[in-house]
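Below is one structure, written out as structure tokens; the observations come after it.
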Amino acid sequence: MARRFVVEADGGSRGNPGPAGYGAVVLDPETGETLAEAAEYIGAATNNVAEYKGLIAGLRAARALDPEAEIKVRMDSKLVIEQMSGRWKVKHPGMRPLAAEARGIFPPAQLSYEWIPRERNKHADRLANEAMDAGKRGEQWRPTAVEALETPAVPAEAAAPAVAPPGWAAPADLGAPATFVLLRHGETALTPEKRFSGTGGSDPELSPVGRRQAELVAAALAARGTIQAVVSSPLRRCVGTAEAVAARLGLDVHIEEGLRETDFGAWEGLTFAEVRERHPDDLQAWLASSKAAPTGGGESFAAVARRVAVTRDQLVARYAGRTVLLVTHVTPIKTLVRLALGAPPEALFRMEISAASLSALAYYADGNASLRLLNDTTHLR
């Protein structure tokens with residue numbers, strides 16, 4: 001199977017024509033990791049020339065990684081996307097050589113093009129501006145934060161825009177955020193034994209201890225009085241926890257499939273030690289890569305991240321400016337926190353999310369996210 005890359009590119013001109021530069025990034029579509037970056041100051045040029053130059057640089061960077069790869073190009077330039085897709089003619093004589101050069105890098109069958117709004121093209125836009133800034137100083141662009149091919153970048157679906165972080169901008173500028181209060185379900189019989197318990201297992205109910213935890217967290221949230229809606233994973237341990245809270249708050253429980261736990265395949269119901277004994281190679285691969293799935297057709301962390309990111313975006317839009325309780329599981333909570341912080345996939349193994357613990361994330365209208373709370377269990381003491 002051919003590898004797949006996403007190429008995001010942009011170009012800009014401060015004057016149009018004026019001092020210009022481009023930026024391009026090659027991403028892994030499953031994990032959002034940065035595989036290569038390119039940027040250059042190109043002197044006086046128009047926006048469109050800079051955008052085409054960015055496209056060419058991005059395609060060349062992808063070809064250097066794998067000339068057989070399937071490429072999805074994403075740009076916020078309607079002109080470039082429509083012309084390269086063949087829907088618009090390249091009428092400007094200065095654009096024709098650039099379009100021809102771009103078309104010659106990969107066979108057409110390996111390419112597809114997608115227009116995206118500017119706010120989703122922040123990575124390439126940042127690189128283009130870094131290149132123009134470097135040119136203004138009489139310097140060549142160099143990576144400032146990550147080295148290409150080495151350090152994972154913020155996943156594309158969660159990239160933070162280059163704006164003032166929450167707390168630095170005036171509230172009137174950002175508006176009220178969508179706030180997710182993240183509640184891990186209470187204990188089941190499997191929880192204290194630290195057994196894998198995901199979507200593909202027995203779907204256990206809350207234990208007596210778990211039901212008591214649910215009542216305690218319900219009382220704590222009722223005392224705070226900030227929750228305006230309750231959304232739950234469909235699994236019974238979450239629904240039971242959510243119903244205890246919702247009953248105390250006088251709210252309904254809304255089920256969201258995207259909040260379900262990872263499917264751990266053949267590892268369901270096993271301890272870590274048992275998995276290590278029975279499936280050592282698969283376990284090692286799983287610990288080493290977010291793309292590796294558990295034995296028996298389970299779900300990789302990369303797949304979970306895609307699912308959770310889509311669910312996050314839908315819920316942020318649905319509950320803009322409101323505070324909503326999400327009752328879910330360890331992996332979705334860790335994934336939401338990781339994406340908000342722009343942390344690499346291995347960060348999942350560096351967080352503790354206890355049963356019936358509370359965490360909180362705020363999502364602002366400009367795309368920024370802010371971690372407010374992590375693994376609070378004071379209500380259980």
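Here, A, B, ... name the chains of the structure tokens in the order displayed, residue numbers run from 1 inside each chain, and ligands are numbered from 1 in the same displayed order.
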
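Neighbours of A:Pro208 closer than or equal to 10 Å, with only C-alpha atoms counted and sequence neighbours fewer than 3 positions away skipped, come out as A:Gly186, A:Glu187, A:Thr188, A:Ala189, A:Glu205, A:Arg211, A:Arg212, A:Gln213, A:Ala214.
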
Output for the residues just chosen: all heavy atoms as a PDB file, in the first residue's frame:
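Below is the file that was written, again.pdb:
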```
ATOM      1  N   GLY A 186     -16.801   6.248  36.873  1.00  0.00           N
ATOM      2  CA  GLY A 186     -16.425   5.605  38.120  1.00  0.00           C
ATOM      3  C   GLY A 186     -15.900   4.195  37.892  1.00  0.00           C
ATOM      4  O   GLY A 186     -15.927   3.655  36.781  1.00  0.00           O
ATOM      5  N   GLU A 187     -15.429   3.596  38.956  1.00  0.00           N
ATOM      6  CA  GLU A 187     -14.813   2.266  38.868  1.00  0.00           C
ATOM      7  C   GLU A 187     -15.805   1.190  38.437  1.00  0.00           C
ATOM      8  O   GLU A 187     -16.999   1.259  38.743  1.00  0.00           O
ATOM      9  CB  GLU A 187     -14.227   1.858  40.217  1.00  0.00           C
ATOM     10  CG  GLU A 187     -12.936   2.548  40.586  1.00  0.00           C
ATOM     11  CD  GLU A 187     -12.271   1.918  41.807  1.00  0.00           C
ATOM     12  OE1 GLU A 187     -12.724   0.824  42.239  1.00  0.00           O
ATOM     13  OE2 GLU A 187     -11.317   2.520  42.338  1.00  0.00           O
ATOM     14  N   THR A 188     -15.264   0.191  37.730  1.00  0.00           N
ATOM     15  CA  THR A 188     -15.951  -1.070  37.478  1.00  0.00           C
ATOM     16  C   THR A 188     -15.155  -2.162  38.188  1.00  0.00           C
ATOM     17  O   THR A 188     -14.126  -1.880  38.814  1.00  0.00           O
ATOM     18  CB  THR A 188     -16.023  -1.389  35.978  1.00  0.00           C
ATOM     19  OG1 THR A 188     -14.711  -1.772  35.511  1.00  0.00           O
ATOM     20  CG2 THR A 188     -16.507  -0.192  35.176  1.00  0.00           C
ATOM     21  N   ALA A 189     -15.607  -3.393  38.071  1.00  0.00           N
ATOM     22  CA  ALA A 189     -14.864  -4.498  38.688  1.00  0.00           C
ATOM     23  C   ALA A 189     -13.467  -4.648  38.087  1.00  0.00           C
ATOM     24  O   ALA A 189     -12.556  -5.165  38.740  1.00  0.00           O
ATOM     25  CB  ALA A 189     -15.654  -5.798  38.530  1.00  0.00           C
ATOM     26  N   GLU A 205     -20.622  -2.664  34.033  1.00  0.00           N
ATOM     27  CA  GLU A 205     -21.321  -1.589  34.724  1.00  0.00           C
ATOM     28  C   GLU A 205     -20.466  -1.062  35.872  1.00  0.00           C
ATOM     29  O   GLU A 205     -19.426  -1.643  36.213  1.00  0.00           O
ATOM     30  CB  GLU A 205     -22.649  -2.107  35.278  1.00  0.00           C
ATOM     31  CG  GLU A 205     -23.644  -2.488  34.208  1.00  0.00           C
ATOM     32  CD  GLU A 205     -24.963  -2.952  34.812  1.00  0.00           C
ATOM     33  OE1 GLU A 205     -24.952  -3.461  35.950  1.00  0.00           O
ATOM     34  OE2 GLU A 205     -25.991  -2.789  34.132  1.00  0.00           O
ATOM     35  N   ARG A 211     -20.357   3.443  41.800  1.00  0.00           N
ATOM     36  CA  ARG A 211     -21.618   4.172  41.994  1.00  0.00           C
ATOM     37  C   ARG A 211     -21.469   5.228  43.090  1.00  0.00           C
ATOM     38  O   ARG A 211     -22.019   6.336  42.977  1.00  0.00           O
ATOM     39  CB  ARG A 211     -22.734   3.186  42.326  1.00  0.00           C
ATOM     40  CG  ARG A 211     -23.165   2.344  41.125  1.00  0.00           C
ATOM     41  CD  ARG A 211     -24.473   1.632  41.391  1.00  0.00           C
ATOM     42  NE  ARG A 211     -24.312   0.562  42.390  1.00  0.00           N
ATOM     43  CZ  ARG A 211     -23.952  -0.687  42.110  1.00  0.00           C
ATOM     44  NH1 ARG A 211     -23.708  -1.033  40.841  1.00  0.00           N
ATOM     45  NH2 ARG A 211     -23.848  -1.589  43.054  1.00  0.00           N
ATOM     46  N   ARG A 212     -20.713   4.896  44.140  1.00  0.00           N
ATOM     47  CA  ARG A 212     -20.471   5.872  45.193  1.00  0.00           C
ATOM     48  C   ARG A 212     -19.650   7.046  44.651  1.00  0.00           C
ATOM     49  O   ARG A 212     -19.914   8.213  44.965  1.00  0.00           O
ATOM     50  CB  ARG A 212     -19.733   5.200  46.350  1.00  0.00           C
ATOM     51  CG  ARG A 212     -19.311   6.148  47.479  1.00  0.00           C
ATOM     52  CD  ARG A 212     -20.493   6.830  48.101  1.00  0.00           C
ATOM     53  NE  ARG A 212     -20.079   7.722  49.197  1.00  0.00           N
ATOM     54  CZ  ARG A 212     -20.806   8.719  49.659  1.00  0.00           C
ATOM     55  NH1 ARG A 212     -21.996   8.979  49.148  1.00  0.00           N
ATOM     56  NH2 ARG A 212     -20.365   9.463  50.657  1.00  0.00           N
ATOM     57  N   GLN A 213     -18.662   6.755  43.824  1.00  0.00           N
ATOM     58  CA  GLN A 213     -17.864   7.819  43.215  1.00  0.00           C
ATOM     59  C   GLN A 213     -18.737   8.731  42.354  1.00  0.00           C
ATOM     60  O   GLN A 213     -18.574   9.951  42.359  1.00  0.00           O
ATOM     61  CB  GLN A 213     -16.741   7.207  42.371  1.00  0.00           C
ATOM     62  CG  GLN A 213     -15.654   6.530  43.186  1.00  0.00           C
ATOM     63  CD  GLN A 213     -14.673   5.777  42.296  1.00  0.00           C
ATOM     64  OE1 GLN A 213     -15.016   5.330  41.199  1.00  0.00           O
ATOM     65  NE2 GLN A 213     -13.432   5.630  42.774  1.00  0.00           N
ATOM     66  N   ALA A 214     -19.649   8.130  41.610  1.00  0.00           N
ATOM     67  CA  ALA A 214     -20.533   8.926  40.759  1.00  0.00           C
ATOM     68  C   ALA A 214     -21.395   9.871  41.595  1.00  0.00           C
ATOM     69  O   ALA A 214     -21.622  11.030  41.214  1.00  0.00           O
ATOM     70  CB  ALA A 214     -21.418   8.007  39.920  1.00  0.00           C
TER      71      ALA A 214
END
```

Need the shell around A:Ser233: protein/DNA/RNA residues with any atom at most 8 Å away, counting only C-alpha atoms. Skip same-chain ones fewer than 3 positions apart. Format as a ChimeraX atom specification?
/A:238-239,255-261,326-329

Stretch 218-361 of chain A: residues DSSP assigns to strand (DSSP E), reported as a PDB file with N, CA and C atoms, in the first residue's frame:
```pdb
ATOM      1  N   ALA A 229     -24.864  21.190  30.305  1.00  0.00           N
ATOM      2  CA  ALA A 229     -25.278  20.036  29.508  1.00  0.00           C
ATOM      3  C   ALA A 229     -24.400  18.852  29.892  1.00  0.00           C
ATOM      4  N   VAL A 230     -24.934  17.640  29.682  1.00  0.00           N
ATOM      5  CA  VAL A 230     -24.200  16.415  30.010  1.00  0.00           C
ATOM      6  C   VAL A 230     -24.167  15.526  28.772  1.00  0.00           C
ATOM      7  N   VAL A 231     -22.971  15.150  28.355  1.00  0.00           N
ATOM      8  CA  VAL A 231     -22.778  14.299  27.175  1.00  0.00           C
ATOM      9  C   VAL A 231     -21.957  13.093  27.611  1.00  0.00           C
ATOM     10  N   SER A 232     -22.331  11.905  27.145  1.00  0.00           N
ATOM     11  CA  SER A 232     -21.683  10.688  27.630  1.00  0.00           C
ATOM     12  C   SER A 232     -21.299   9.750  26.501  1.00  0.00           C
ATOM     13  N   VAL A 253     -29.150  13.326  29.613  1.00  0.00           N
ATOM     14  CA  VAL A 253     -27.868  12.787  29.157  1.00  0.00           C
ATOM     15  C   VAL A 253     -27.934  12.595  27.646  1.00  0.00           C
ATOM     16  N   HIS A 254     -26.999  13.193  26.928  1.00  0.00           N
ATOM     17  CA  HIS A 254     -26.894  13.045  25.481  1.00  0.00           C
ATOM     18  C   HIS A 254     -25.743  12.075  25.170  1.00  0.00           C
ATOM     19  N   ILE A 255     -26.007  11.071  24.368  1.00  0.00           N
ATOM     20  CA  ILE A 255     -25.001  10.056  24.049  1.00  0.00           C
ATOM     21  C   ILE A 255     -24.205  10.485  22.826  1.00  0.00           C
ATOM     22  N   THR A 323     -20.704  25.564  29.118  1.00  0.00           N
ATOM     23  CA  THR A 323     -19.921  24.594  29.891  1.00  0.00           C
ATOM     24  C   THR A 323     -20.646  23.262  29.862  1.00  0.00           C
ATOM     25  N   VAL A 324     -19.982  22.239  29.341  1.00  0.00           N
ATOM     26  CA  VAL A 324     -20.605  20.936  29.153  1.00  0.00           C
ATOM     27  C   VAL A 324     -19.758  19.859  29.824  1.00  0.00           C
ATOM     28  N   LEU A 325     -20.421  18.925  30.467  1.00  0.00           N
ATOM     29  CA  LEU A 325     -19.742  17.789  31.094  1.00  0.00           C
ATOM     30  C   LEU A 325     -19.655  16.655  30.079  1.00  0.00           C
ATOM     31  N   LEU A 326     -18.438  16.186  29.803  1.00  0.00           N
ATOM     32  CA  LEU A 326     -18.232  15.027  28.934  1.00  0.00           C
ATOM     33  C   LEU A 326     -17.826  13.854  29.815  1.00  0.00           C
ATOM     34  N   VAL A 327     -18.661  12.847  29.889  1.00  0.00           N
ATOM     35  CA  VAL A 327     -18.367  11.658  30.689  1.00  0.00           C
ATOM     36  C   VAL A 327     -17.797  10.613  29.743  1.00  0.00           C
ATOM     37  N   THR A 328     -16.531  10.292  29.920  1.00  0.00           N
ATOM     38  CA  THR A 328     -15.852   9.454  28.948  1.00  0.00           C
ATOM     39  C   THR A 328     -14.776   8.608  29.631  1.00  0.00           C
ATOM     40  N   LEU A 358     -11.785  14.641  37.514  1.00  0.00           N
ATOM     41  CA  LEU A 358     -12.224  15.754  36.675  1.00  0.00           C
ATOM     42  C   LEU A 358     -11.033  16.462  36.045  1.00  0.00           C
ATOM     43  N   SER A 359     -11.166  16.781  34.773  1.00  0.00           N
ATOM     44  CA  SER A 359     -10.218  17.627  34.059  1.00  0.00           C
ATOM     45  C   SER A 359     -11.047  18.664  33.311  1.00  0.00           C
ATOM     46  N   ALA A 360     -10.417  19.708  32.798  1.00  0.00           N
ATOM     47  CA  ALA A 360     -11.194  20.739  32.106  1.00  0.00           C
ATOM     48  C   ALA A 360     -10.358  21.403  31.020  1.00  0.00           C
ATOM     49  N   LEU A 361     -10.999  21.644  29.890  1.00  0.00           N
ATOM     50  CA  LEU A 361     -10.390  22.325  28.749  1.00  0.00           C
ATOM     51  C   LEU A 361     -11.339  23.406  28.268  1.00  0.00           C
TER      52      LEU A 361
END
```

Choose the residue, out of A:Ser202, A:Glu30, A:Pro344, A:Ala9, that has the smallest atom-to-atom separation from A:Arg306; count only C-alpha atoms.
A:Glu30

Which of these, A:Gly265, A:Arg184, A:Phe272, A:Pro67, has the shortest distance to A:Lys334 once you count only C-alpha atoms?
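Between A:Gly265, A:Arg184, A:Phe272, A:Pro67, the residue approaching A:Lys334 most closely is A:Arg184.
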
Just the alpha helix (DSSP H) stuff from stretch 130-332 of chain A, please, per backbone DSSP, written as number ranges by chain.
A: 130-136, 171-174, 208-224, 236-249, 272-278, 280-288, 301-318, 330-332

Could you list, as a ChimeraX atom specification, every residue within 10 Å of A:Thr331, counting only C-alpha atoms and ignoring same-chain residues fewer than 5 positions away?
/A:184,198,259-262,301,304-305,308,336-337,348-349,353

Might you pull out every residue within 12 Å of A:Leu65, with only C-alpha atoms counted and same-chain residues fewer than 4 positions away left off, and present them as a PDB file with all heavy atoms, in the first residue's frame?
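Everything below was put into result21.pdb:
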```
ATOM      1  N   ARG A   3       2.289   4.920   0.646  1.00  0.00           N
ATOM      2  CA  ARG A   3       2.222   5.865   1.758  1.00  0.00           C
ATOM      3  C   ARG A   3       1.356   7.053   1.360  1.00  0.00           C
ATOM      4  O   ARG A   3       1.199   7.361   0.173  1.00  0.00           O
ATOM      5  CB  ARG A   3       3.624   6.352   2.122  1.00  0.00           C
ATOM      6  CG  ARG A   3       4.543   5.260   2.634  1.00  0.00           C
ATOM      7  CD  ARG A   3       5.936   5.805   2.895  1.00  0.00           C
ATOM      8  NE  ARG A   3       5.966   6.700   4.064  1.00  0.00           N
ATOM      9  CZ  ARG A   3       7.047   7.400   4.417  1.00  0.00           C
ATOM     10  NH1 ARG A   3       8.156   7.335   3.712  1.00  0.00           N
ATOM     11  NH2 ARG A   3       6.999   8.179   5.485  1.00  0.00           N
ATOM     12  N   ARG A   4       0.804   7.729   2.346  1.00  0.00           N
ATOM     13  CA  ARG A   4      -0.026   8.896   2.094  1.00  0.00           C
ATOM     14  C   ARG A   4       0.540  10.079   2.866  1.00  0.00           C
ATOM     15  O   ARG A   4       0.894   9.961   4.028  1.00  0.00           O
ATOM     16  CB  ARG A   4      -1.477   8.634   2.521  1.00  0.00           C
ATOM     17  CG  ARG A   4      -2.172   7.590   1.681  1.00  0.00           C
ATOM     18  CD  ARG A   4      -3.636   7.424   2.072  1.00  0.00           C
ATOM     19  NE  ARG A   4      -3.757   6.975   3.461  1.00  0.00           N
ATOM     20  CZ  ARG A   4      -4.442   7.610   4.393  1.00  0.00           C
ATOM     21  NH1 ARG A   4      -5.080   8.741   4.098  1.00  0.00           N
ATOM     22  NH2 ARG A   4      -4.527   7.145   5.625  1.00  0.00           N
ATOM     23  N   PHE A   5       0.616  11.234   2.203  1.00  0.00           N
ATOM     24  CA  PHE A   5       1.082  12.460   2.829  1.00  0.00           C
ATOM     25  C   PHE A   5       0.058  13.566   2.588  1.00  0.00           C
ATOM     26  O   PHE A   5      -0.663  13.561   1.583  1.00  0.00           O
ATOM     27  CB  PHE A   5       2.424  12.935   2.235  1.00  0.00           C
ATOM     28  CG  PHE A   5       3.559  11.971   2.399  1.00  0.00           C
ATOM     29  CD1 PHE A   5       4.474  11.785   1.364  1.00  0.00           C
ATOM     30  CD2 PHE A   5       3.741  11.261   3.577  1.00  0.00           C
ATOM     31  CE1 PHE A   5       5.533  10.922   1.506  1.00  0.00           C
ATOM     32  CE2 PHE A   5       4.798  10.391   3.721  1.00  0.00           C
ATOM     33  CZ  PHE A   5       5.700  10.212   2.689  1.00  0.00           C
ATOM     34  N   VAL A   7       0.190  17.634   2.053  1.00  0.00           N
ATOM     35  CA  VAL A   7       1.043  18.803   1.815  1.00  0.00           C
ATOM     36  C   VAL A   7       0.190  20.050   2.016  1.00  0.00           C
ATOM     37  O   VAL A   7      -0.838  20.215   1.347  1.00  0.00           O
ATOM     38  CB  VAL A   7       1.641  18.795   0.399  1.00  0.00           C
ATOM     39  CG1 VAL A   7       2.336  20.128   0.096  1.00  0.00           C
ATOM     40  CG2 VAL A   7       2.629  17.648   0.238  1.00  0.00           C
ATOM     41  N   VAL A  26       4.919  18.984   5.103  1.00  0.00           N
ATOM     42  CA  VAL A  26       4.440  17.649   4.760  1.00  0.00           C
ATOM     43  C   VAL A  26       4.051  16.962   6.061  1.00  0.00           C
ATOM     44  O   VAL A  26       4.850  16.891   6.998  1.00  0.00           O
ATOM     45  CB  VAL A  26       5.512  16.823   4.025  1.00  0.00           C
ATOM     46  CG1 VAL A  26       4.944  15.456   3.623  1.00  0.00           C
ATOM     47  CG2 VAL A  26       6.023  17.563   2.798  1.00  0.00           C
ATOM     48  N   LEU A  27       2.814  16.474   6.120  1.00  0.00           N
ATOM     49  CA  LEU A  27       2.267  15.893   7.347  1.00  0.00           C
ATOM     50  C   LEU A  27       1.874  14.440   7.142  1.00  0.00           C
ATOM     51  O   LEU A  27       1.500  14.027   6.042  1.00  0.00           O
ATOM     52  CB  LEU A  27       1.019  16.664   7.786  1.00  0.00           C
ATOM     53  CG  LEU A  27       1.181  18.164   8.031  1.00  0.00           C
ATOM     54  CD1 LEU A  27      -0.186  18.801   8.187  1.00  0.00           C
ATOM     55  CD2 LEU A  27       2.043  18.408   9.248  1.00  0.00           C
ATOM     56  N   ASP A  28       1.974  13.661   8.213  1.00  0.00           N
ATOM     57  CA  ASP A  28       1.390  12.328   8.240  1.00  0.00           C
ATOM     58  C   ASP A  28      -0.109  12.499   8.494  1.00  0.00           C
ATOM     59  O   ASP A  28      -0.497  13.057   9.524  1.00  0.00           O
ATOM     60  CB  ASP A  28       2.023  11.507   9.368  1.00  0.00           C
ATOM     61  CG  ASP A  28       1.531  10.070   9.405  1.00  0.00           C
ATOM     62  OD1 ASP A  28       0.305   9.860   9.318  1.00  0.00           O
ATOM     63  OD2 ASP A  28       2.358   9.158   9.551  1.00  0.00           O
ATOM     64  N   LEU A  35       6.569  15.816   8.850  1.00  0.00           N
ATOM     65  CA  LEU A  35       7.597  15.001   8.211  1.00  0.00           C
ATOM     66  C   LEU A  35       8.654  15.858   7.518  1.00  0.00           C
ATOM     67  O   LEU A  35       9.802  15.436   7.391  1.00  0.00           O
ATOM     68  CB  LEU A  35       6.953  14.056   7.193  1.00  0.00           C
ATOM     69  CG  LEU A  35       5.859  13.134   7.749  1.00  0.00           C
ATOM     70  CD1 LEU A  35       5.258  12.294   6.635  1.00  0.00           C
ATOM     71  CD2 LEU A  35       6.413  12.240   8.856  1.00  0.00           C
ATOM     72  N   ALA A  36       8.283  17.032   7.064  1.00  0.00           N
ATOM     73  CA  ALA A  36       9.238  17.941   6.428  1.00  0.00           C
ATOM     74  C   ALA A  36       8.650  19.347   6.412  1.00  0.00           C
ATOM     75  O   ALA A  36       7.429  19.520   6.362  1.00  0.00           O
ATOM     76  CB  ALA A  36       9.567  17.486   5.005  1.00  0.00           C
ATOM     77  N   GLU A  37       9.515  20.340   6.449  1.00  0.00           N
ATOM     78  CA  GLU A  37       9.129  21.735   6.328  1.00  0.00           C
ATOM     79  C   GLU A  37      10.014  22.412   5.289  1.00  0.00           C
ATOM     80  O   GLU A  37      11.179  22.036   5.113  1.00  0.00           O
ATOM     81  CB  GLU A  37       9.280  22.479   7.654  1.00  0.00           C
ATOM     82  CG  GLU A  37       8.267  22.122   8.714  1.00  0.00           C
ATOM     83  CD  GLU A  37       8.475  22.916   9.993  1.00  0.00           C
ATOM     84  OE1 GLU A  37       9.621  23.330  10.273  1.00  0.00           O
ATOM     85  OE2 GLU A  37       7.488  23.118  10.717  1.00  0.00           O
ATOM     86  N   GLY A  58       6.502  22.203  -1.392  1.00  0.00           N
ATOM     87  CA  GLY A  58       5.861  21.143  -0.626  1.00  0.00           C
ATOM     88  C   GLY A  58       5.836  19.823  -1.376  1.00  0.00           C
ATOM     89  O   GLY A  58       6.104  18.757  -0.810  1.00  0.00           O
ATOM     90  N   LEU A  59       5.522  19.871  -2.667  1.00  0.00           N
ATOM     91  CA  LEU A  59       5.510  18.652  -3.474  1.00  0.00           C
ATOM     92  C   LEU A  59       6.908  18.052  -3.602  1.00  0.00           C
ATOM     93  O   LEU A  59       7.084  16.832  -3.539  1.00  0.00           O
ATOM     94  CB  LEU A  59       4.928  18.945  -4.856  1.00  0.00           C
ATOM     95  CG  LEU A  59       3.429  19.277  -4.902  1.00  0.00           C
ATOM     96  CD1 LEU A  59       3.017  19.678  -6.320  1.00  0.00           C
ATOM     97  CD2 LEU A  59       2.597  18.100  -4.413  1.00  0.00           C
ATOM     98  N   ARG A  60       7.907  18.901  -3.754  1.00  0.00           N
ATOM     99  CA  ARG A  60       9.282  18.391  -3.853  1.00  0.00           C
ATOM    100  C   ARG A  60       9.710  17.757  -2.525  1.00  0.00           C
ATOM    101  O   ARG A  60      10.412  16.733  -2.516  1.00  0.00           O
ATOM    102  CB  ARG A  60      10.237  19.501  -4.256  1.00  0.00           C
ATOM    103  CG  ARG A  60      10.048  19.986  -5.688  1.00  0.00           C
ATOM    104  CD  ARG A  60      11.246  20.766  -6.200  1.00  0.00           C
ATOM    105  NE  ARG A  60      11.015  21.224  -7.569  1.00  0.00           N
ATOM    106  CZ  ARG A  60      11.114  20.452  -8.649  1.00  0.00           C
ATOM    107  NH1 ARG A  60      11.422  19.169  -8.522  1.00  0.00           N
ATOM    108  NH2 ARG A  60      10.901  20.965  -9.858  1.00  0.00           N
ATOM    109  N   ALA A  61       9.307  18.345  -1.414  1.00  0.00           N
ATOM    110  CA  ALA A  61       9.646  17.766  -0.111  1.00  0.00           C
ATOM    111  C   ALA A  61       8.972  16.408   0.068  1.00  0.00           C
ATOM    112  O   ALA A  61       9.574  15.464   0.603  1.00  0.00           O
ATOM    113  CB  ALA A  61       9.237  18.716   1.004  1.00  0.00           C
ATOM    114  N   ALA A  69       4.318   8.012  -3.135  1.00  0.00           N
ATOM    115  CA  ALA A  69       3.266   8.331  -2.172  1.00  0.00           C
ATOM    116  C   ALA A  69       2.048   8.951  -2.843  1.00  0.00           C
ATOM    117  O   ALA A  69       2.140   9.560  -3.912  1.00  0.00           O
ATOM    118  CB  ALA A  69       3.812   9.278  -1.103  1.00  0.00           C
ATOM    119  N   GLU A  70       0.899   8.794  -2.183  1.00  0.00           N
ATOM    120  CA  GLU A  70      -0.320   9.491  -2.580  1.00  0.00           C
ATOM    121  C   GLU A  70      -0.380  10.806  -1.799  1.00  0.00           C
ATOM    122  O   GLU A  70      -0.210  10.820  -0.582  1.00  0.00           O
ATOM    123  CB  GLU A  70      -1.546   8.635  -2.278  1.00  0.00           C
ATOM    124  CG  GLU A  70      -1.592   7.341  -3.080  1.00  0.00           C
ATOM    125  CD  GLU A  70      -2.784   6.472  -2.715  1.00  0.00           C
ATOM    126  OE1 GLU A  70      -3.546   6.888  -1.802  1.00  0.00           O
ATOM    127  OE2 GLU A  70      -2.941   5.405  -3.315  1.00  0.00           O
ATOM    128  N   ILE A  71      -0.628  11.899  -2.507  1.00  0.00           N
ATOM    129  CA  ILE A  71      -0.517  13.229  -1.916  1.00  0.00           C
ATOM    130  C   ILE A  71      -1.869  13.942  -1.933  1.00  0.00           C
ATOM    131  O   ILE A  71      -2.527  14.005  -2.976  1.00  0.00           O
ATOM    132  CB  ILE A  71       0.498  14.099  -2.687  1.00  0.00           C
ATOM    133  CG1 ILE A  71       1.826  13.357  -2.875  1.00  0.00           C
ATOM    134  CG2 ILE A  71       0.695  15.436  -1.987  1.00  0.00           C
ATOM    135  CD1 ILE A  71       2.532  13.022  -1.584  1.00  0.00           C
ATOM    136  N   ALA A 148      12.830  19.443  10.947  1.00  0.00           N
ATOM    137  CA  ALA A 148      12.081  18.598  10.043  1.00  0.00           C
ATOM    138  C   ALA A 148      12.547  17.162  10.159  1.00  0.00           C
ATOM    139  O   ALA A 148      13.735  16.886  10.310  1.00  0.00           O
ATOM    140  CB  ALA A 148      12.260  19.085   8.598  1.00  0.00           C
ATOM    141  N   LEU A 149      11.603  16.232  10.066  1.00  0.00           N
ATOM    142  CA  LEU A 149      11.831  14.791  10.093  1.00  0.00           C
ATOM    143  C   LEU A 149      12.187  14.263  11.473  1.00  0.00           C
ATOM    144  O   LEU A 149      12.476  13.092  11.622  1.00  0.00           O
ATOM    145  CB  LEU A 149      12.943  14.372   9.111  1.00  0.00           C
ATOM    146  CG  LEU A 149      12.787  14.846   7.679  1.00  0.00           C
ATOM    147  CD1 LEU A 149      13.976  14.425   6.858  1.00  0.00           C
ATOM    148  CD2 LEU A 149      11.527  14.300   7.072  1.00  0.00           C
TER     149      LEU A 149
END
```

My list of candidates is A:Ser357, A:Gln314, A:Ser13, A:Ser370. Which is closest to A:Leu221 when distances are computed with only C-alpha atoms?
A:Ser357

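Atom CA of A:Pro332 is found 19.6 Å from atom CA of A:Pro192.
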
Could you give me, as a JSON list (two decimals) with C-alpha atoms, in the first residue's frame, the residues within 10 Å of stretch 89-96 of chain A, counting only C-alpha atoms and dropping anything in the same chain fewer than 6 positions from it?
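File produced: around.json:
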```
[["chain", "number", "residue", "atom", "x", "y", "z"],
["A", 48, "ASN", "CA", 0.01, 34.05, -6.42],
["A", 49, "VAL", "CA", 3.63, 33.50, -7.40],
["A", 52, "TYR", "CA", 2.75, 28.46, -6.40],
["A", 79, "LEU", "CA", -6.87, 30.16, -7.47],
["A", 80, "VAL", "CA", -4.08, 27.58, -7.10],
["A", 82, "GLU", "CA", -8.86, 25.34, -8.89],
["A", 83, "GLN", "CA", -6.12, 25.72, -11.49],
["A", 102, "ALA", "CA", 4.11, 21.71, -10.06]]
```

Atom CA of A:Asn121 to atom CA of A:Ala288, distance in Å rounded to a single decimal:
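We find that atom CA of A:Asn121 and atom CA of A:Ala288 lie 29.3 Å from each other.
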
Students should find that atom CA of A:Ile105 and atom CA of A:Ile56 are spaced 8.0 Å
